[in-house]
Every structure is written in structure tokens, then in C-alpha cells.
Amino acid sequence: MTLACKHLTVPGRLQDITLTLHPGELTAICGPNGAGKTTLLRALAGLESASLEPGTVTVGETPLAALAPRTRAQAIGYLPQHAEPAWNLSAEALVRLGRLPHRTSAAQDTAAVHAALAALGCSHLAQRGIRTLSGGERARVLLARVLAGSPRWILADEPLASLDLAHAAALLTHFRTLAEGAIGVLLVVHSLAHAMNHAARVVVLHQGRIAADGPPSEALSEAVIEQVWGVRAQWIGPPGARALSY
């Protein structure tokens with residue numbers, strides 16, 4: 001089931017964006033600050049009014065606007081860049097909210113919640129209040145809430161921002177595993193090395209438009225980096241473990 005947008009325009013932020021994203025693929029969205037990365041992710045999740053115009057964003061063959069809210073929530077799991085829970089729920093209770101779009105048994109819901117917590121190494125945090133957790137722990141629990149909903153698409157805005165090196169590496173591996181299981185994964189990332197080493201496809205935004213789109217080695221070529229970021233840089237190291245020197 002593809003996720004696509006056609007001539008998507010959000011005045012002042014995005015201009016004429018056309019993309020078709022495929023399940024089973026980890027796609028990274030990169031670009032300078034203010035390029036439109038978060039706006040694009042929100043639009044694909046149906047959180048920007050422009051994306052709900054008929055035919056602008058589609059899930060499979062169905063316009064996003066035609067999907068009932070519950071159906072949309074089952075199809076697309078969205079993790080915003082900044083999420084502040086209103087109440088000091090336990091981590092387990094917060095993750096359980098990810099099951100709200102589903103009409104399943106309590107046992108199925110509990111199994112999904114525990115599986116999501118375990119997948120992100122958060123089982124030991126289950127009874128902790130969300131506001132007592134560190135930034136990195138909270139980020140992983142919030143992502144577990146998305147995973148618990150078993151969406152067909154995961155859209156995450158800078159999910160690595162609050163994580164230390166070990167947890168960031170583990171989470172990237174988990175995202176790749178999800179993609180290999182036929183889930184579509186779309187991540188906004190600032191680290192070009194993360195995108196180069198882990199994504200199957202990279203979409204580079206610049207001033208609200210697509211500046212490059214393709215395999216990481218092409219979309220993040222040294223020429224593209226200089227053109228978009230204004231930095232002369234050089235990739236060093238072997239494929240899969242490349243670093244950017246500048």
C-alpha cells in the first residue's frame with residue numbers, strides 16, 4: 001500500500017511536492033532548517049489542511065481525505081518532533097493509547113503494548129510515570145505508543161534527536177527491521193550519515209521543494225550537499241559506515 005502526494009502545496013512552506021513512497025522501504029527526509037521537512041511529514045499524516053484536498057495525498061488508491069479517522073489512524077502512525085503528554089501516565093498506560101484505533105480484545109491490546117515496549121527496550125519503564133523519564137527514555141516510550149498501533153506506515157519526525165549513541169543505533173536497526181517486514185517507514189533526520197548508512201531512499205528538501213530524491217549515494221552526493229547546505233564536504237569510510245568530513 002503506497003503513500004503518495006501529488007502537487008502538494010502548503011503556502012509559504014511547500015511547493016508542488018509529488019512523491020510515491022513504498023512499503024518495505026525506509027525513506028529519510030533531509031534538508032536544512034526551514035526546508036519543509038516537518039510540514040511534509042504532517043501533510044502525509046493528514047495534519048495539514050492542504051493534504052486533505054481531494055486526491056492530494058493518497059493511501060493506496062484511496063484519498064486520505066476519504067478515510068474515516070479510525071481507519072486513517074490504523075494506517076498511519078505519526079510521531080511528532082515534540083510531544084509533551086498532558087498527564088503523568090505510566091509508560092504502559094501511555095503506550096496503550098496507541099491501541100485506541102483498534103477494536104480488539106484486552107488480551108490482544110496488552111500483548112501489543114508489551115511487545116512495543118520490549119522492542120524499544122522499555123519494558124523496565126512500564127510502571128514509571130512518563131514525566132519521571134529522561135528525554136531519551138520518553139522518546140522511546142512515545143515511539144512505542146506508535147508501534148503498539150501496528151500501523152502500515154510509520155512517520156517519525158526526528159526520532160533520534162534525544163537518544164544516545166547506543167539507543168540511536170538500536171532504533172535505526174529496528175526501523176530497518178520494520179521496513180523489511182513490509183511496513184513503510186518515513187523519518188525526518190538531521191544526521192546525513194544516518195540517512196546515508198541506513199535509508200534505502202533519501203528525499204532532500206530545500207526551500208520547500210524537492211532538491212534530490214533517490215538512493216542515498218545519489219541524493220546525498222557531495223555536489224548536492226554543497227548546493228543545498230552550502231558546505232563543501234567529503235564522504236569517507238566504506239559503504240554502510242560512511243562519515244561526513246567537512
# chains A, B, ... in the order shown; residues from 1 in each chain; ligands from 1
$ residues_around --residues "Leu163 in chain A" --least-positions-apart "4" --cutoff "12 Å" --atoms "only C-alpha atoms" --output "list of chain:residue names"
A:Leu120, A:Ser134, A:Gly135, A:Gly136, A:Glu137, A:Arg138, A:Ala139, A:Arg140, A:Val141, A:Glu158, A:Pro159, A:His167, A:Ala168, A:Ala169, A:Ala170, A:Leu171, A:Leu172
$ write_last_selection --atoms "N, CA and C atoms" --output "JSON list (two decimals), in the first residue's frame"
[["chain", "number", "residue", "atom", "x", "y", "z"],
["A", 120, "LEU", "N", 11.55, -1.65, 22.03],
["A", 120, "LEU", "CA", 12.33, -0.43, 22.20],
["A", 120, "LEU", "C", 13.11, -0.43, 23.52],
["A", 134, "SER", "N", 13.83, 10.26, 31.53],
["A", 134, "SER", "CA", 14.76, 11.15, 30.82],
["A", 134, "SER", "C", 14.21, 11.43, 29.43],
["A", 135, "GLY", "N", 14.80, 12.41, 28.76],
["A", 135, "GLY", "CA", 14.35, 12.75, 27.42],
["A", 135, "GLY", "C", 14.43, 11.57, 26.46],
["A", 136, "GLY", "N", 15.54, 10.83, 26.54],
["A", 136, "GLY", "CA", 15.70, 9.68, 25.66],
["A", 136, "GLY", "C", 14.72, 8.57, 25.97],
["A", 137, "GLU", "N", 14.49, 8.33, 27.27],
["A", 137, "GLU", "CA", 13.52, 7.29, 27.66],
["A", 137, "GLU", "C", 12.12, 7.67, 27.21],
["A", 138, "ARG", "N", 11.78, 8.93, 27.39],
["A", 138, "ARG", "CA", 10.45, 9.39, 26.98],
["A", 138, "ARG", "C", 10.27, 9.25, 25.47],
["A", 139, "ALA", "N", 11.32, 9.58, 24.71],
["A", 139, "ALA", "CA", 11.23, 9.48, 23.25],
["A", 139, "ALA", "C", 10.96, 8.04, 22.82],
["A", 140, "ARG", "N", 11.61, 7.08, 23.49],
["A", 140, "ARG", "CA", 11.39, 5.68, 23.13],
["A", 140, "ARG", "C", 10.00, 5.20, 23.51],
["A", 141, "VAL", "N", 9.48, 5.66, 24.65],
["A", 141, "VAL", "CA", 8.13, 5.27, 25.06],
["A", 141, "VAL", "C", 7.09, 5.85, 24.10],
["A", 158, "GLU", "N", 12.26, 13.38, 13.44],
["A", 158, "GLU", "CA", 13.50, 13.40, 14.23],
["A", 158, "GLU", "C", 13.43, 12.48, 15.44],
["A", 159, "PRO", "N", 13.14, 11.20, 15.23],
["A", 159, "PRO", "CA", 13.02, 10.28, 16.36],
["A", 159, "PRO", "C", 14.33, 10.00, 17.08],
["A", 167, "HIS", "N", 21.30, 3.81, 21.83],
["A", 167, "HIS", "CA", 19.87, 3.70, 21.58],
["A", 167, "HIS", "C", 19.52, 4.19, 20.17],
["A", 168, "ALA", "N", 20.24, 5.17, 19.66],
["A", 168, "ALA", "CA", 20.00, 5.62, 18.29],
["A", 168, "ALA", "C", 20.34, 4.50, 17.30],
["A", 169, "ALA", "N", 21.46, 3.83, 17.53],
["A", 169, "ALA", "CA", 21.84, 2.73, 16.64],
["A", 169, "ALA", "C", 20.83, 1.59, 16.71],
["A", 170, "ALA", "N", 20.36, 1.28, 17.93],
["A", 170, "ALA", "CA", 19.37, 0.21, 18.08],
["A", 170, "ALA", "C", 18.06, 0.57, 17.41],
["A", 171, "LEU", "N", 17.66, 1.85, 17.52],
["A", 171, "LEU", "CA", 16.39, 2.27, 16.93],
["A", 171, "LEU", "C", 16.46, 2.26, 15.41],
["A", 172, "LEU", "N", 17.58, 2.68, 14.85],
["A", 172, "LEU", "CA", 17.74, 2.63, 13.40],
["A", 172, "LEU", "C", 17.65, 1.18, 12.90]]
$ select_by_dssp --residues "range 99-208 of chain A" --states "strand (DSSP E)" --output "PyMOL selection string"
chain A and resi 153-157+184-188+201-206
$ atom_distance --atom1 "CA of Ala233 in chain A" --atom2 "CA of Leu205 in chain A"
18.1 Å
$ atom_distance --atom1 "CA of Ala179 in chain A" --atom2 "CA of Gly24 in chain A"
4.3 Å
$ closest_residue --among "A:Ala126, A:Ala223, A:Leu19, A:Leu94" --to "Ala148 in chain A" --atoms "only C-alpha atoms"
A:Leu94
$ atom_distance --atom1 "CA of Tyr78 in chain A" --atom2 "CA of Leu155 in chain A"
4.8 Å
$ residues_around --residues "Ala66 in chain A" --least-positions-apart "3" --cutoff "9 Å" --atoms "only C-alpha atoms" --output "list of chain:residue names"
A:Leu52, A:Pro54, A:Thr62, A:Pro63
$ write_last_selection --atoms "C-alpha atoms" --output "short mmCIF file (atom, residue, chain, number, x, y, z; two decimals), in the first residue's frame"
data_model
loop_
_atom_site.label_atom_id
_atom_site.label_comp_id
_atom_site.auth_asym_id
_atom_site.auth_seq_id
_atom_site.Cartn_x
_atom_site.Cartn_y
_atom_site.Cartn_z
CA LEU A 52 -6.92 16.80 2.79
CA PRO A 54 -9.27 15.53 -2.72
CA THR A 62 -7.78 5.95 -1.60
CA PRO A 63 -7.62 9.70 -0.99
#
$ select_by_dssp --residues "range 19-64 of chain A" --states "helix (DSSP H, G or I)" --output "list of chain:residue names"
A:Lys37, A:Thr38, A:Thr39, A:Leu40, A:Leu41, A:Arg42, A:Ala43, A:Leu44, A:Ser49, A:Ala50, A:Ser51, A:Leu52, A:Leu64
$ closest_residue --among "A:Ala200, A:Leu21, A:Leu67, A:Leu147" --to "Val113 in chain A" --atoms "only C-alpha atoms"
A:Leu147
$ residues_around --residues "Trp153 in chain A" --least-positions-apart "4" --cutoff "8 Å" --atoms "only C-alpha atoms" --output "PyMOL selection string"
chain A and resi 23+75-77+183-186
$ residues_around --residues "range 188-191 of chain A" --least-positions-apart "2" --cutoff "9 Å" --atoms "only C-alpha atoms" --output "list in words"
Thr27, Ala28, Ile29, Cys30, Gly31, Pro32, Asn33, Lys37, Thr38, Leu41, Leu155, Ala156, Asp157, Glu158, Pro159, Leu160, Ala161, Leu186, Ala193, His194, Ala195 and Met196 of chain A
$ closest_residue --among "A:Gly237, A:Gly46, A:Pro215, A:Gly121" --to "Leu3 in chain A" --atoms "only C-alpha atoms"
A:Gly46
$ residues_around --residues "Gln127 in chain A" --least-positions-apart "6" --cutoff "9 Å" --atoms "only C-alpha atoms" --output "compact mmCIF listing (two decimals) with N, CA and C atoms, in the first residue's frame"
# COMPACT_ATOMS: atom_id res chain seq x y z
N LEU A 89 1.00 9.84 33.06
CA LEU A 89 0.60 8.44 32.96
C LEU A 89 1.81 7.54 33.10
N SER A 90 1.56 6.29 33.47
CA SER A 90 2.65 5.33 33.41
C SER A 90 3.01 5.09 31.95
N ALA A 91 4.23 4.65 31.71
CA ALA A 91 4.66 4.37 30.34
C ALA A 91 3.72 3.36 29.68
N GLU A 92 3.32 2.33 30.43
CA GLU A 92 2.44 1.31 29.87
C GLU A 92 1.09 1.90 29.48
N ALA A 93 0.53 2.76 30.33
CA ALA A 93 -0.76 3.37 30.03
C ALA A 93 -0.66 4.27 28.81
$ closest_residue --among "A:Gly149, A:Pro239, A:Pro80, A:Gly60" --to "Ala45 in chain A" --atoms "only C-alpha atoms"
A:Pro80
$ residues_around --residues "range 48-51 of chain A" --least-positions-apart "2" --cutoff "9 Å" --atoms "only C-alpha atoms" --output "list in words"
Cys5, Leu8, Thr9, Val10, Pro11, Thr39, Leu40, Arg42, Ala43, Leu44, Ala45, Gly46, Glu53, Pro54, Gly55, Thr56, Val57, Leu64 and Ala65 of chain A
$ write_last_selection --atoms "C-alpha atoms" --output "CSV table (one decimal), in the first residue's frame"
chain,number,residue,atom,x,y,z
A,5,CYS,CA,1.2,13.0,-2.7
A,8,LEU,CA,1.2,19.1,-2.7
A,9,THR,CA,1.5,22.8,-1.9
A,10,VAL,CA,1.3,24.4,1.6
A,11,PRO,CA,1.6,28.2,1.0
A,39,THR,CA,5.4,20.2,7.1
A,40,LEU,CA,5.7,17.4,4.6
A,42,ARG,CA,2.4,16.4,8.8
A,43,ALA,CA,0.8,16.7,5.4
A,44,LEU,CA,1.3,13.0,4.7
A,45,ALA,CA,-0.2,12.2,8.1
A,46,GLY,CA,-3.3,14.4,7.2
A,53,GLU,CA,-7.9,18.3,-0.5
A,54,PRO,CA,-9.3,15.5,-2.7
A,55,GLY,CA,-6.5,13.5,-4.4
A,56,THR,CA,-3.6,15.5,-2.9
A,57,VAL,CA,-2.5,12.6,-0.6
A,64,LEU,CA,-6.5,10.4,2.6
A,65,ALA,CA,-9.5,12.7,3.0
